[in-house]
file input_30.cif (mmCIF, C-alpha atoms)
data_final
#
loop_
_atom_site.label_atom_id
_atom_site.label_comp_id
_atom_site.auth_asym_id
_atom_site.auth_seq_id
_atom_site.Cartn_x
_atom_site.Cartn_y
_atom_site.Cartn_z
CA MET A 1 35.17 111.75 126.45
CA LYS A 2 35.21 108.97 123.87
CA LEU A 3 36.94 111.26 121.40
CA LEU A 4 39.45 112.24 124.07
CA SER A 5 40.13 108.60 124.86
CA LEU A 6 40.73 107.78 121.19
CA THR A 7 43.03 110.80 120.89
CA CYS A 8 45.04 109.66 123.92
CA LYS A 9 45.37 106.13 122.53
CA PHE A 10 46.55 107.56 119.21
CA MET A 11 49.12 109.75 120.97
CA VAL A 12 50.38 106.80 123.02
CA LYS A 13 50.81 104.69 119.86
CA LYS A 14 52.61 107.60 118.22
CA VAL A 15 54.96 107.95 121.20
CA TYR A 16 55.70 104.20 121.11
CA LEU A 17 56.35 104.47 117.38
CA TYR A 18 58.83 107.31 117.93
CA ILE A 19 60.52 105.33 120.71
CA GLY A 20 60.75 102.33 118.40
CA PHE A 21 62.38 104.39 115.67
CA LEU A 22 64.74 105.93 118.22
CA PHE A 23 65.92 102.54 119.44
CA LEU A 24 66.23 101.29 115.87
CA SER A 25 68.40 104.26 114.91
CA ILE A 26 70.55 103.77 118.01
CA ASN A 27 71.02 100.08 117.26
CA ILE A 28 72.01 100.55 113.62
CA TYR A 29 75.76 100.99 113.81
CA ASN A 30 77.95 100.77 110.68
CA GLY A 31 75.11 99.02 108.87
CA ASN A 32 74.81 96.27 111.48
CA LEU A 33 71.72 95.70 113.62
CA TYR A 34 72.57 94.56 117.12
CA SER A 35 70.95 94.74 120.50
CA LEU A 36 71.48 97.87 122.55
CA PHE A 37 70.63 95.80 125.60
CA SER A 38 73.45 93.32 124.90
CA TYR A 39 75.94 96.18 124.61
CA ILE A 40 74.80 97.71 127.90
CA LYS A 41 74.98 94.30 129.55
CA GLN A 42 78.48 93.79 128.15
CA ARG A 43 79.68 97.10 129.57
CA GLN A 44 78.12 96.36 132.95
CA ASN A 45 79.66 92.87 133.13
CA ILE A 46 83.12 94.12 132.18
CA ASN A 47 82.97 97.03 134.61
CA THR A 48 81.88 94.80 137.51
CA ILE A 49 83.96 91.69 136.73
CA SER A 50 85.72 90.25 139.78
CA GLN A 51 89.36 91.21 139.78
CA GLU A 52 91.82 88.37 139.26
CA ARG A 53 93.76 87.09 142.26
CA LEU A 54 96.57 84.65 142.86
CA ASN A 55 95.65 81.16 143.96
CA ILE A 56 98.75 79.34 142.81
CA CYS A 57 98.59 75.58 142.31
CA ASN A 58 102.01 74.93 143.82
CA ARG A 59 102.44 71.48 142.33
CA LEU A 60 101.63 72.72 138.82
CA GLN A 61 103.73 75.87 139.11
CA ASN A 62 106.70 73.91 140.46
CA ASN A 63 106.46 71.38 137.64
CA ILE A 64 106.62 74.20 135.10
CA LEU A 65 109.43 75.97 136.97
CA ASN A 66 111.45 72.75 136.98
CA TYR A 67 110.89 72.33 133.26
CA ILE A 68 111.92 75.91 132.34
CA TYR A 69 114.84 76.02 134.78
CA ASN A 70 117.42 76.66 132.02
CA PHE A 71 115.47 79.44 130.31
CA ASN A 72 113.34 80.90 133.09
CA SER A 73 114.34 84.52 132.36
CA LYS A 74 113.19 84.24 128.74
CA ILE A 75 109.64 83.05 129.29
CA SER A 76 106.39 84.24 130.85
CA VAL A 77 103.52 81.89 131.71
CA SER A 78 100.06 82.75 133.02
CA VAL A 79 97.12 80.40 133.58
CA LEU A 80 93.68 81.56 134.73
CA ASN A 81 90.96 79.21 135.95
CA LYS A 82 87.20 79.73 135.49
CA ASP A 83 86.98 81.64 138.79
CA GLY A 84 89.47 84.27 137.68
CA GLU A 85 92.30 82.86 139.78
CA PHE A 86 95.87 82.72 138.49
CA ILE A 87 96.89 79.14 139.23
CA VAL A 88 100.21 79.68 137.40
CA ASP A 89 102.04 82.99 137.50
CA ILE A 90 105.61 83.00 136.18
CA ASN A 91 107.23 86.28 135.10
CA SER A 92 103.70 87.36 134.18
CA LYS A 93 104.22 91.13 134.48
CA ILE A 94 107.45 91.33 132.49
CA PRO A 95 106.67 93.14 129.21
CA ARG A 96 107.69 91.06 126.20
CA ILE A 97 107.48 91.22 122.40
CA PRO A 98 104.17 89.47 121.59
CA ALA A 99 104.59 88.97 117.82
CA SER A 100 101.14 88.16 116.40
CA ASN A 101 99.60 87.85 119.87
CA GLN A 102 99.19 91.60 119.38
CA LYS A 103 96.25 90.66 117.12
CA ILE A 104 94.41 89.34 120.20
CA LEU A 105 93.90 92.97 121.18
CA SER A 106 93.55 94.73 117.82
CA SER A 107 91.12 92.22 116.27
CA ALA A 108 88.86 92.48 119.33
CA PHE A 109 88.90 96.27 118.98
CA ALA A 110 87.85 96.00 115.33
CA LEU A 111 85.09 93.48 116.07
CA ASP A 112 83.66 95.43 118.99
CA ASN A 113 83.60 98.71 117.06
CA LEU A 114 82.52 97.51 113.61
CA GLY A 115 80.37 94.46 114.34
CA PRO A 116 80.65 90.99 112.74
CA ASP A 117 78.80 91.86 109.51
CA TYR A 118 80.87 94.91 108.54
CA THR A 119 82.35 94.80 105.04
CA LEU A 120 85.22 96.56 103.27
CA ASP A 121 83.61 98.06 100.17
CA THR A 122 85.17 99.01 96.84
CA SER A 123 82.97 101.47 94.94
CA LEU A 124 82.91 102.80 91.39
CA LYS A 125 81.42 106.30 91.42
CA GLU A 126 80.38 108.81 88.80
CA LEU A 127 81.83 112.31 89.17
CA TYR A 128 80.23 115.69 88.58
CA ASP A 129 82.69 116.57 85.80
CA GLY A 130 81.94 113.42 83.81
CA GLY A 131 84.78 111.23 85.05
CA PHE A 132 84.76 108.32 87.47
CA TYR A 133 86.34 107.46 90.79
CA ILE A 134 87.27 104.13 92.38
CA GLU A 135 86.96 104.40 96.15
CA ALA A 136 88.88 101.47 97.64
CA SER A 137 88.99 100.28 101.24
CA GLY A 138 91.77 97.68 101.43
CA ASP A 139 89.68 94.54 100.83
CA PRO A 140 92.30 91.77 101.21
CA ASP A 141 90.51 89.55 98.67
CA PHE A 142 90.01 92.21 95.98
CA ASN A 143 91.65 90.93 92.78
CA LYS A 144 91.95 91.35 89.00
CA SER A 145 88.56 89.78 88.29
CA HIS A 146 86.94 92.46 90.45
CA LEU A 147 88.59 95.16 88.32
CA ASP A 148 87.09 93.48 85.24
CA GLU A 149 83.72 93.53 86.97
CA LEU A 150 83.95 97.28 87.56
CA ILE A 151 84.91 98.00 83.95
CA ILE A 152 82.13 95.78 82.55
CA VAL A 153 79.52 97.62 84.61
CA LEU A 154 81.04 100.94 83.61
CA ASN A 155 80.79 100.03 79.91
CA ILE A 156 77.17 98.97 80.28
CA LEU A 157 76.08 102.16 82.04
CA ASN A 158 78.30 104.58 80.18
CA ASN A 159 78.45 104.31 76.41
CA ASN A 160 81.26 106.79 75.77
CA ASN A 161 81.73 107.11 72.01
CA ASN A 162 83.40 110.50 72.19
CA SER A 163 86.92 111.02 70.95
CA ASN A 164 87.89 112.38 74.37
CA LYS A 165 88.77 109.78 76.97
CA LEU A 166 87.16 110.03 80.39
CA PRO A 167 89.33 109.82 83.53
CA ILE A 168 89.08 107.10 86.17
CA LEU A 169 90.48 108.57 89.38
CA ILE A 170 92.30 106.78 92.17
CA GLN A 171 94.01 108.43 95.15
CA ASN A 172 97.79 108.28 95.23
CA ILE A 173 98.54 107.95 98.95
CA ASN A 174 101.90 109.22 100.19
CA LYS A 175 104.54 106.48 100.31
CA LYS A 176 105.29 107.32 103.96
CA ASN A 177 101.84 105.99 104.87
CA TRP A 178 102.26 102.57 103.27
CA TRP A 179 103.68 100.95 106.41
CA PRO A 180 103.71 101.54 110.17
CA SER A 181 106.93 103.44 110.84
CA SER A 182 108.25 100.78 113.24
CA TRP A 183 108.23 97.98 110.64
CA SER A 184 111.76 97.03 109.64
CA TYR A 185 112.88 97.58 106.05
CA PRO A 186 113.68 93.87 105.49
CA ASP A 187 110.11 92.99 106.59
CA ARG A 188 108.66 95.51 104.12
CA LYS A 189 110.19 93.52 101.26
CA GLU A 190 108.36 90.32 102.25
CA GLU A 191 104.76 89.26 101.57
CA TYR A 192 103.96 89.26 105.30
CA GLY A 193 105.03 92.93 105.38
CA ALA A 194 103.02 94.08 102.35
CA PRO A 195 102.20 97.82 102.22
CA ILE A 196 98.95 98.74 103.99
CA THR A 197 96.96 100.72 101.43
CA LYS A 198 93.33 101.10 100.45
CA TYR A 199 94.24 100.28 96.86
CA SER A 200 95.28 96.66 97.00
CA ILE A 201 95.26 93.77 94.59
CA ALA A 202 95.24 90.45 96.48
CA SER A 203 96.54 92.08 99.68
CA ASN A 204 99.44 93.78 97.86
CA ALA A 205 101.40 90.53 98.08
CA SER A 206 102.88 90.53 94.55
CA ILE A 207 106.45 91.66 93.87
CA ASN A 208 105.26 94.76 92.00
CA ALA A 209 102.84 95.73 94.76
CA LEU A 210 105.50 95.33 97.44
CA ASN A 211 107.58 97.93 95.62
CA ASN A 212 104.75 100.31 94.76
CA PRO A 213 101.12 99.30 95.38
CA ILE A 214 99.66 102.36 93.63
CA ASP A 215 101.66 101.81 90.42
CA ASN A 216 100.68 98.14 90.55
CA TYR A 217 96.99 99.05 90.95
CA ILE A 218 97.17 101.45 88.00
CA TYR A 219 98.88 98.81 85.87
CA GLU A 220 96.28 96.14 86.70
CA LEU A 221 93.46 98.62 86.05
CA GLU A 222 94.96 99.46 82.65
CA MET A 223 95.16 95.73 81.88
CA ALA A 224 91.48 95.39 82.81
CA LEU A 225 90.63 98.20 80.38
CA LYS A 226 92.50 96.36 77.64
CA ARG A 227 90.78 93.06 78.43
CA GLN A 228 87.40 94.77 78.18
CA ASN A 229 88.35 96.70 75.00
CA SER A 230 87.90 100.00 76.80
CA SER A 231 91.34 101.62 76.60
CA HIS A 232 90.06 104.05 73.95
CA LYS A 233 87.31 105.23 76.33
CA TYR A 234 89.09 105.80 79.63
CA PHE A 235 92.45 106.68 81.17
CA ILE A 236 93.70 106.31 84.75
CA LYS A 237 94.45 109.43 86.74
CA ALA A 238 96.16 109.26 90.14
CA VAL A 239 95.32 112.22 92.38
CA ASP A 240 96.44 113.13 95.87
CA GLU A 241 94.21 113.14 98.95
CA LYS A 242 93.51 116.87 98.68
CA TYR A 243 92.17 116.65 95.14
CA PRO A 244 88.49 117.78 95.06
CA ILE A 245 86.22 114.85 94.21
CA LYS A 246 82.54 115.65 93.60
CA ILE A 247 80.48 112.47 93.46
CA VAL A 248 77.15 112.30 91.63
CA SER A 249 76.23 108.66 92.15
CA THR A 250 77.54 105.20 92.97
CA ILE A 251 77.58 102.86 89.99
CA LYS A 252 78.82 99.62 91.51
CA VAL A 253 79.85 98.34 94.95
CA ILE A 254 81.95 95.23 95.53
CA ASN A 255 81.74 93.99 99.12
CA SER A 256 84.41 92.06 100.94
CA ALA A 257 83.66 89.02 103.06
CA ALA A 258 81.99 89.95 106.36
CA LEU A 259 84.27 90.95 109.20
CA TYR A 260 83.66 87.73 111.15
CA ILE A 261 85.09 85.84 108.17
CA LEU A 262 88.03 88.25 107.84
CA LEU A 263 88.76 87.64 111.53
CA ASN A 264 89.62 84.04 110.67
CA LEU A 265 92.21 85.38 108.25
CA VAL A 266 93.57 87.65 111.00
CA ASN A 267 93.66 85.24 113.95
CA SER A 268 93.70 81.75 112.49
CA GLU A 269 96.01 82.48 109.53
CA SER A 270 97.72 85.45 111.24
CA HIS A 271 97.44 87.67 108.15
CA ASN A 272 99.20 90.96 108.92
CA TYR A 273 97.69 92.99 106.07
CA THR A 274 94.11 92.17 107.03
CA ALA A 275 94.81 92.86 110.71
CA GLU A 276 96.13 96.32 109.89
CA VAL A 277 93.30 97.15 107.45
CA ILE A 278 90.37 96.24 109.73
CA PHE A 279 92.11 98.07 112.58
CA ARG A 280 92.22 101.24 110.47
CA HIS A 281 88.56 100.86 109.59
CA ALA A 282 87.74 100.64 113.30
CA LEU A 283 89.78 103.79 113.92
CA ASN A 284 88.47 105.50 110.76
CA ASN A 285 92.06 106.65 110.37
CA TRP A 286 94.72 105.50 107.88
CA SER A 287 97.62 107.59 109.16
CA HIS A 288 99.41 104.61 110.81
CA ASP A 289 100.01 106.78 113.88
CA ALA A 290 100.67 104.74 117.01
CA PRO A 291 99.62 104.65 119.73
CA ASN A 292 96.12 105.88 118.87
CA ILE A 293 94.05 107.64 121.54
CA LYS A 294 90.78 105.94 120.51
CA TYR A 295 92.41 102.51 120.79
CA ILE A 296 94.01 103.31 124.15
CA ARG A 297 90.68 104.49 125.55
CA TRP A 298 88.93 101.36 124.33
CA LEU A 299 91.53 99.13 125.97
CA LYS A 300 91.18 101.08 129.19
CA ASP A 301 87.41 100.51 129.06
CA GLN A 302 88.02 96.74 129.08
CA ASN A 303 89.08 97.04 132.72
CA PHE A 304 92.33 95.04 132.64
CA ASN A 305 95.99 95.69 133.44
CA THR A 306 97.84 97.30 130.51
CA GLU A 307 100.76 98.47 132.60
CA ASN A 308 103.97 98.51 130.51
CA PHE A 309 102.06 97.66 127.32
CA ILE A 310 103.41 99.34 124.18
CA PHE A 311 101.24 99.53 121.05
CA ALA A 312 103.26 100.09 117.88
CA ASP A 313 101.01 98.38 115.31
CA ALA A 314 97.93 96.16 114.98
CA SER A 315 99.52 93.03 113.56
CA GLY A 316 102.48 92.43 115.87
CA LEU A 317 105.12 92.66 113.14
CA SER A 318 106.75 95.59 114.92
CA ARG A 319 109.47 94.66 117.42
CA GLU A 320 108.49 97.72 119.47
CA ASN A 321 105.26 96.14 120.79
CA ARG A 322 105.22 94.98 124.40
CA VAL A 323 102.56 93.10 126.40
CA THR A 324 102.42 90.90 129.49
CA THR A 325 100.96 87.41 129.80
CA TYR A 326 99.13 88.67 132.89
CA GLY A 327 97.34 91.37 130.87
CA LEU A 328 96.59 89.14 127.87
CA SER A 329 95.02 86.50 130.13
CA GLN A 330 92.87 89.14 131.81
CA PHE A 331 91.83 90.54 128.44
CA MET A 332 90.69 87.18 127.06
CA ARG A 333 88.65 86.62 130.22
CA ARG A 334 86.85 89.90 129.53
CA MET A 335 86.33 89.02 125.88
CA LYS A 336 84.23 86.08 127.07
CA LEU A 337 81.77 88.75 128.22
CA ASN A 338 81.76 90.54 124.87
CA ARG A 339 78.51 90.36 122.89
CA PHE A 340 80.53 89.06 119.94
CA SER A 341 82.63 86.58 121.93
CA GLU A 342 81.60 83.56 119.83
CA TYR A 343 82.77 85.25 116.64
CA TYR A 344 85.98 86.30 118.36
CA PHE A 345 87.15 83.01 119.84
CA SER A 346 86.00 80.93 116.87
CA SER A 347 88.47 82.92 114.73
CA PHE A 348 91.46 81.47 116.67
CA SER A 349 93.60 78.57 115.46
CA ILE A 350 92.88 75.05 116.69
CA LEU A 351 95.99 73.20 117.81
CA GLY A 352 96.89 70.45 115.37
CA VAL A 353 93.77 71.10 113.27
CA ARG A 354 93.42 74.59 111.79
CA GLY A 355 95.31 77.76 111.02
CA SER A 356 98.83 78.67 112.06
CA LEU A 357 98.81 75.89 114.70
CA ALA A 358 97.60 73.17 112.32
CA LYS A 359 101.07 71.72 111.64
CA VAL A 360 102.43 72.14 115.15
CA ILE A 361 103.31 68.80 116.70
CA ALA A 362 100.89 68.74 119.61
CA PRO A 363 100.64 66.32 122.52
CA GLY A 364 97.95 63.77 121.62
CA ASN A 365 95.66 64.76 124.45
CA LEU A 366 95.69 68.42 123.38
CA LYS A 367 95.09 68.07 119.65
CA GLY A 368 91.81 69.82 118.80
CA ARG A 369 91.38 71.03 122.41
CA VAL A 370 93.41 74.24 122.36
CA LEU A 371 91.82 77.33 120.80
CA ALA A 372 94.62 79.87 120.56
CA LYS A 373 96.36 82.71 118.77
CA SER A 374 99.98 82.05 117.89
CA GLY A 375 102.77 84.51 117.17
CA ARG A 376 106.19 84.15 115.62
CA LEU A 377 109.16 86.43 114.94
CA ASN A 378 112.87 85.73 115.00
CA ASN A 379 113.60 84.32 118.48
CA VAL A 380 110.03 85.16 119.57
CA ARG A 381 107.18 82.69 120.10
CA SER A 382 103.78 83.31 121.69
CA VAL A 383 100.67 81.21 122.16
CA SER A 384 97.64 82.46 124.09
CA GLY A 385 94.11 81.12 124.27
CA ILE A 386 91.80 78.59 125.90
CA ILE A 387 92.08 74.91 126.80
CA LEU A 388 88.66 73.61 125.81
CA GLY A 389 86.79 71.50 128.35
CA GLU A 390 88.80 72.85 131.27
CA ASN A 391 87.83 76.55 131.19
CA LYS A 392 91.48 77.52 131.48
CA ILE A 393 92.81 80.69 129.87
CA PHE A 394 96.56 80.75 129.27
CA SER A 395 99.23 82.99 127.79
CA ILE A 396 102.82 81.92 127.09
CA ILE A 397 105.43 84.23 125.53
CA VAL A 398 109.09 83.42 124.88
CA ASN A 399 111.66 86.07 123.86
CA ASN A 400 115.32 85.76 122.87
CA MET A 401 115.23 82.02 122.33
CA GLU A 402 115.31 79.82 119.22
CA ASN A 403 113.04 76.86 118.53
CA SER A 404 110.85 77.38 121.59
CA THR A 405 107.58 76.01 120.13
CA PRO A 406 108.20 72.43 121.43
CA HIS A 407 108.80 73.89 124.89
CA ILE A 408 105.47 75.77 124.74
CA MET A 409 103.70 72.55 123.75
CA ASN A 410 105.32 70.67 126.64
CA ILE A 411 104.25 73.40 129.07
CA LEU A 412 100.67 73.15 127.78
CA SER A 413 100.82 69.40 128.29
CA ILE A 414 101.97 69.90 131.87
CA ILE A 415 99.09 72.32 132.47
CA ASP A 416 96.57 69.93 130.98
CA ASN A 417 97.86 66.93 132.96
#

call {"tool": "encode", "arguments": {"input": "input_30.cif", "output": "structure tokens"}}
result
Amino acid sequence: MKLLSLTCKFMVKKVYLYIGFLFLSINIYNGNLYSLFSYIKQRQNINTISQERLNICNRLQNNILNYIYNFNSKISVSVLNKDGEFIVDINSKIPRIPASNQKILSSAFALDNLGPDYTLDTSLKELYDGGFYIEASGDPDFNKSHLDELIIVLNILNNNNNSNKLPILIQNINKKNWWPSSWSYPDRKEEYGAPITKYSIASNASINALNNPIDNYIYELEMALKRQNSSHKYFIKAVDEKYPIKIVSTIKVINSAALYILLNLVNSESHNYTAEVIFRHALNNWSHDAPNIKYIRWLKDQNFNTENFIFADASGLSRENRVTTYGLSQFMRRMKLNRFSEYYFSSFSILGVRGSLAKVIAPGNLKGRVLAKSGRLNNVRSVSGIILGENKIFSIIVNNMENSTPHIMNILSIIDN
């Protein structure tokens, strides 16, 4: 009996051990350890969240309506209180061009799917045939010094004194996949419309990279070889995506900043390139196809109204995007329930203090109290976020109107007062 009891105890411990390993394997997602319980709780809270309803504050709504009398048809305004009640609802279900307010959705998708500690890795790998391969991932901060770092490590580990040069492979991605198809050609010639490729040097923002990021990458890699006195050892070979690459080992990995840091670049600084890159990592797809089924399903799972939404890109540079202030307000309310909500909202600009809203002339009582994402295109302005201390979520979008930022600030002041 004693032996049987000991055997049972051993089996129980073994079962618990297996269960522990099972939960650990479930919780390790993209290299990030997070709580399975918190994810289940998040899903439950979002699925059972009370649906928003109208409880208009007539005095507030009328004050705003009086202010926007001359441009009412060009603006949408939504304000949600802490109870999920729309206290202001003006043209809220009219789909409008959101500009960079599109990042409110796409950055949340990337964060929820990848986790805050995810990194964009650039790897130098040894190939079966004796050559090498640089596997890039679009790290927005990857620069010339990182190329030097790769070549230095390569020289240390590979003392090639043969007369034959060894190839360093990179993948030459088709030019058609450098930009989302809906980006205008004038935008593609500007830094904010830099080509979205895995092989980037400083976010492809240089003149040469704007014209051809792959040629620019090859040039900078050749310059790195010269700086490290290695041009006689190696040559650069661009291959297409179908070229067979047999990897033996990884020699060196250069990590980007963690995703929660990159989110500040996306939402606070409104960096289009980074927004598009992390979105593609979350999709595990670099085709630039839009809309994407995985993204649409994820948005549907957030249990908010996406009626008349159009998703043409991740950054908001496309003029084909459409959202409503009603839907954006709902979405941000649900993101408060996300397990990564603190990372998410802390990546927004702070009115009059940080990011794209730092230099905006803000009413004195609102400076430092508005956490928001701003958006700007020709004749398009959008600001959506939270008024701190009041638990108010707001979304304001203006289309077909010049110099509307002061009007948005005045509307926020009216809401706050």

call {"tool": "residues_around", "arguments": {"input": "input_30.cif", "residues": "Pro98 (chain A)", "least_positions_apart": "2", "cutoff": "10 Å", "atoms": "only C-alpha atoms", "output": "PyMOL selection string"}}
result
chain A and resi 95-96+100-104+315-325+328+374-377+380-384+396-399

call {"tool": "resolve_selection", "arguments": {"input": "input_30.cif", "expression": "the PyMOL selection byres ((chain A and resi 249) around 7)", "output": "PyMOL selection string"}}
result
chain A and resi 125-126+247-248+250-251

call {"tool": "atom_distance", "arguments": {"input": "input_30.cif", "atom1": "CA of Leu263 (chain A)", "atom2": "CA of Tyr118 (chain A)"}}
result
11.1 Å

call {"tool": "closest_residue", "arguments": {"input": "input_30.cif", "among": "A:Leu283, A:Ala99, A:Ile386, A:Val370", "to": "Ser329 (chain A)", "atoms": "all atoms listed in the file"}}
result
A:Ile386

call {"tool": "atom_distance", "arguments": {"input": "input_30.cif", "atom1": "CA of Ala290 (chain A)", "atom2": "CA of Ser346 (chain A)"}}
result
28.0 Å

call {"tool": "residues_around", "arguments": {"input": "input_30.cif", "residues": "region 233-246 of chain A", "least_positions_apart": "5", "cutoff": "9 Å", "atoms": "only C-alpha atoms", "output": "NGL selection string"}}
result
:A and (126-129 or 131 or 133 or 159-174 or 214 or 218 or 221-222 or 225)

call {"tool": "atom_distance", "arguments": {"input": "input_30.cif", "atom1": "CA of Phe331 (chain A)", "atom2": "CA of Glu390 (chain A)"}}
result
18.2 Å

call {"tool": "closest_residue", "arguments": {"input": "input_30.cif", "among": "A:Asp112, A:Glu191, A:Asp83, A:Glu52", "to": "Ser341 (chain A)", "atoms": "all atoms listed in the file"}}
result
A:Asp112

call {"tool": "closest_residue", "arguments": {"input": "input_30.cif", "among": "A:Phe340, A:Phe132, A:Phe86, A:Phe142", "to": "Thr274 (chain A)", "atoms": "only C-alpha atoms"}}
result
A:Phe142

call {"tool": "closest_residue", "arguments": {"input": "input_30.cif", "among": "A:Ser76, A:Gln51, A:Ser203, A:Asn143", "to": "Val88 (chain A)", "atoms": "all atoms listed in the file"}}
result
A:Ser76

call {"tool": "closest_residue", "arguments": {"input": "input_30.cif", "among": "A:Asn70, A:Ser184, A:Ser38, A:Ser395", "to": "Ile415 (chain A)", "atoms": "all atoms listed in the file"}}
result
A:Ser395

call {"tool": "resolve_selection", "arguments": {"input": "input_30.cif", "expression": "the PyMOL selection byres ((chain A and resi 363) around 8)", "output": "PyMOL selection string"}}
result
chain A and resi 361-362+364-367+409-410+413

call {"tool": "write_last_selection", "arguments": {"input": "input_30.cif", "atoms": "C-alpha atoms", "output": "mmCIF file, in the frame of the given file"}}
result
data_model
loop_
_atom_site.group_PDB
_atom_site.id
_atom_site.type_symbol
_atom_site.label_atom_id
_atom_site.label_comp_id
_atom_site.auth_asym_id
_atom_site.auth_seq_id
_atom_site.Cartn_x
_atom_site.Cartn_y
_atom_site.Cartn_z
ATOM 1 C CA ILE A 361 103.310 68.800 116.700
ATOM 2 C CA ALA A 362 100.890 68.740 119.610
ATOM 3 C CA GLY A 364 97.950 63.770 121.620
ATOM 4 C CA ASN A 365 95.660 64.760 124.450
ATOM 5 C CA LEU A 366 95.690 68.420 123.380
ATOM 6 C CA LYS A 367 95.090 68.070 119.650
ATOM 7 C CA MET A 409 103.700 72.550 123.750
ATOM 8 C CA ASN A 410 105.320 70.670 126.640
ATOM 9 C CA SER A 413 100.820 69.400 128.290
#

call {"tool": "closest_residue", "arguments": {"input": "input_30.cif", "among": "A:Ser256, A:Gln42, A:Asn272, A:Ser181", "to": "Asp117 (chain A)", "atoms": "only C-alpha atoms"}}
result
A:Ser256

call {"tool": "residues_around", "arguments": {"input": "input_30.cif", "residues": "Leu154 (chain A)", "least_positions_apart": "3", "cutoff": "9 Å", "atoms": "only C-alpha atoms", "output": "number ranges by chain"}}
result
A: 124, 149-151, 157-159, 251-252

call {"tool": "axis_aligned_box", "arguments": {"input": "input_30.cif", "around": "region 123-138 of chain A", "padding_each_side": "8 Å", "output": "JSON"}}
result
{"center_x": 86.0, "center_y": 107.1, "center_z": 92.6, "size_x": 27.5, "size_y": 34.9, "size_z": 33.6}

call {"tool": "residues_around", "arguments": {"input": "input_30.cif", "residues": "Ser123 (chain A)", "least_positions_apart": "6", "cutoff": "6 Å", "atoms": "all atoms listed in the file", "output": "PDB file with C-alpha atoms, keeping the file's coordinate frame"}}
result
ATOM      1  CA  ILE A 134      87.270 104.130  92.380  1.00  0.00           C
ATOM      2  CA  GLU A 135      86.960 104.400  96.150  1.00  0.00           C
ATOM      3  CA  LYS A 252      78.820  99.620  91.510  1.00  0.00           C
ATOM      4  CA  VAL A 253      79.850  98.340  94.950  1.00  0.00           C
TER       5      VAL A 253
END

call {"tool": "resolve_selection", "arguments": {"input": "input_30.cif", "expression": "the PyMOL selection byres ((chain A and resi 46-50) around 7)", "output": "count of residues only"}}
result
10
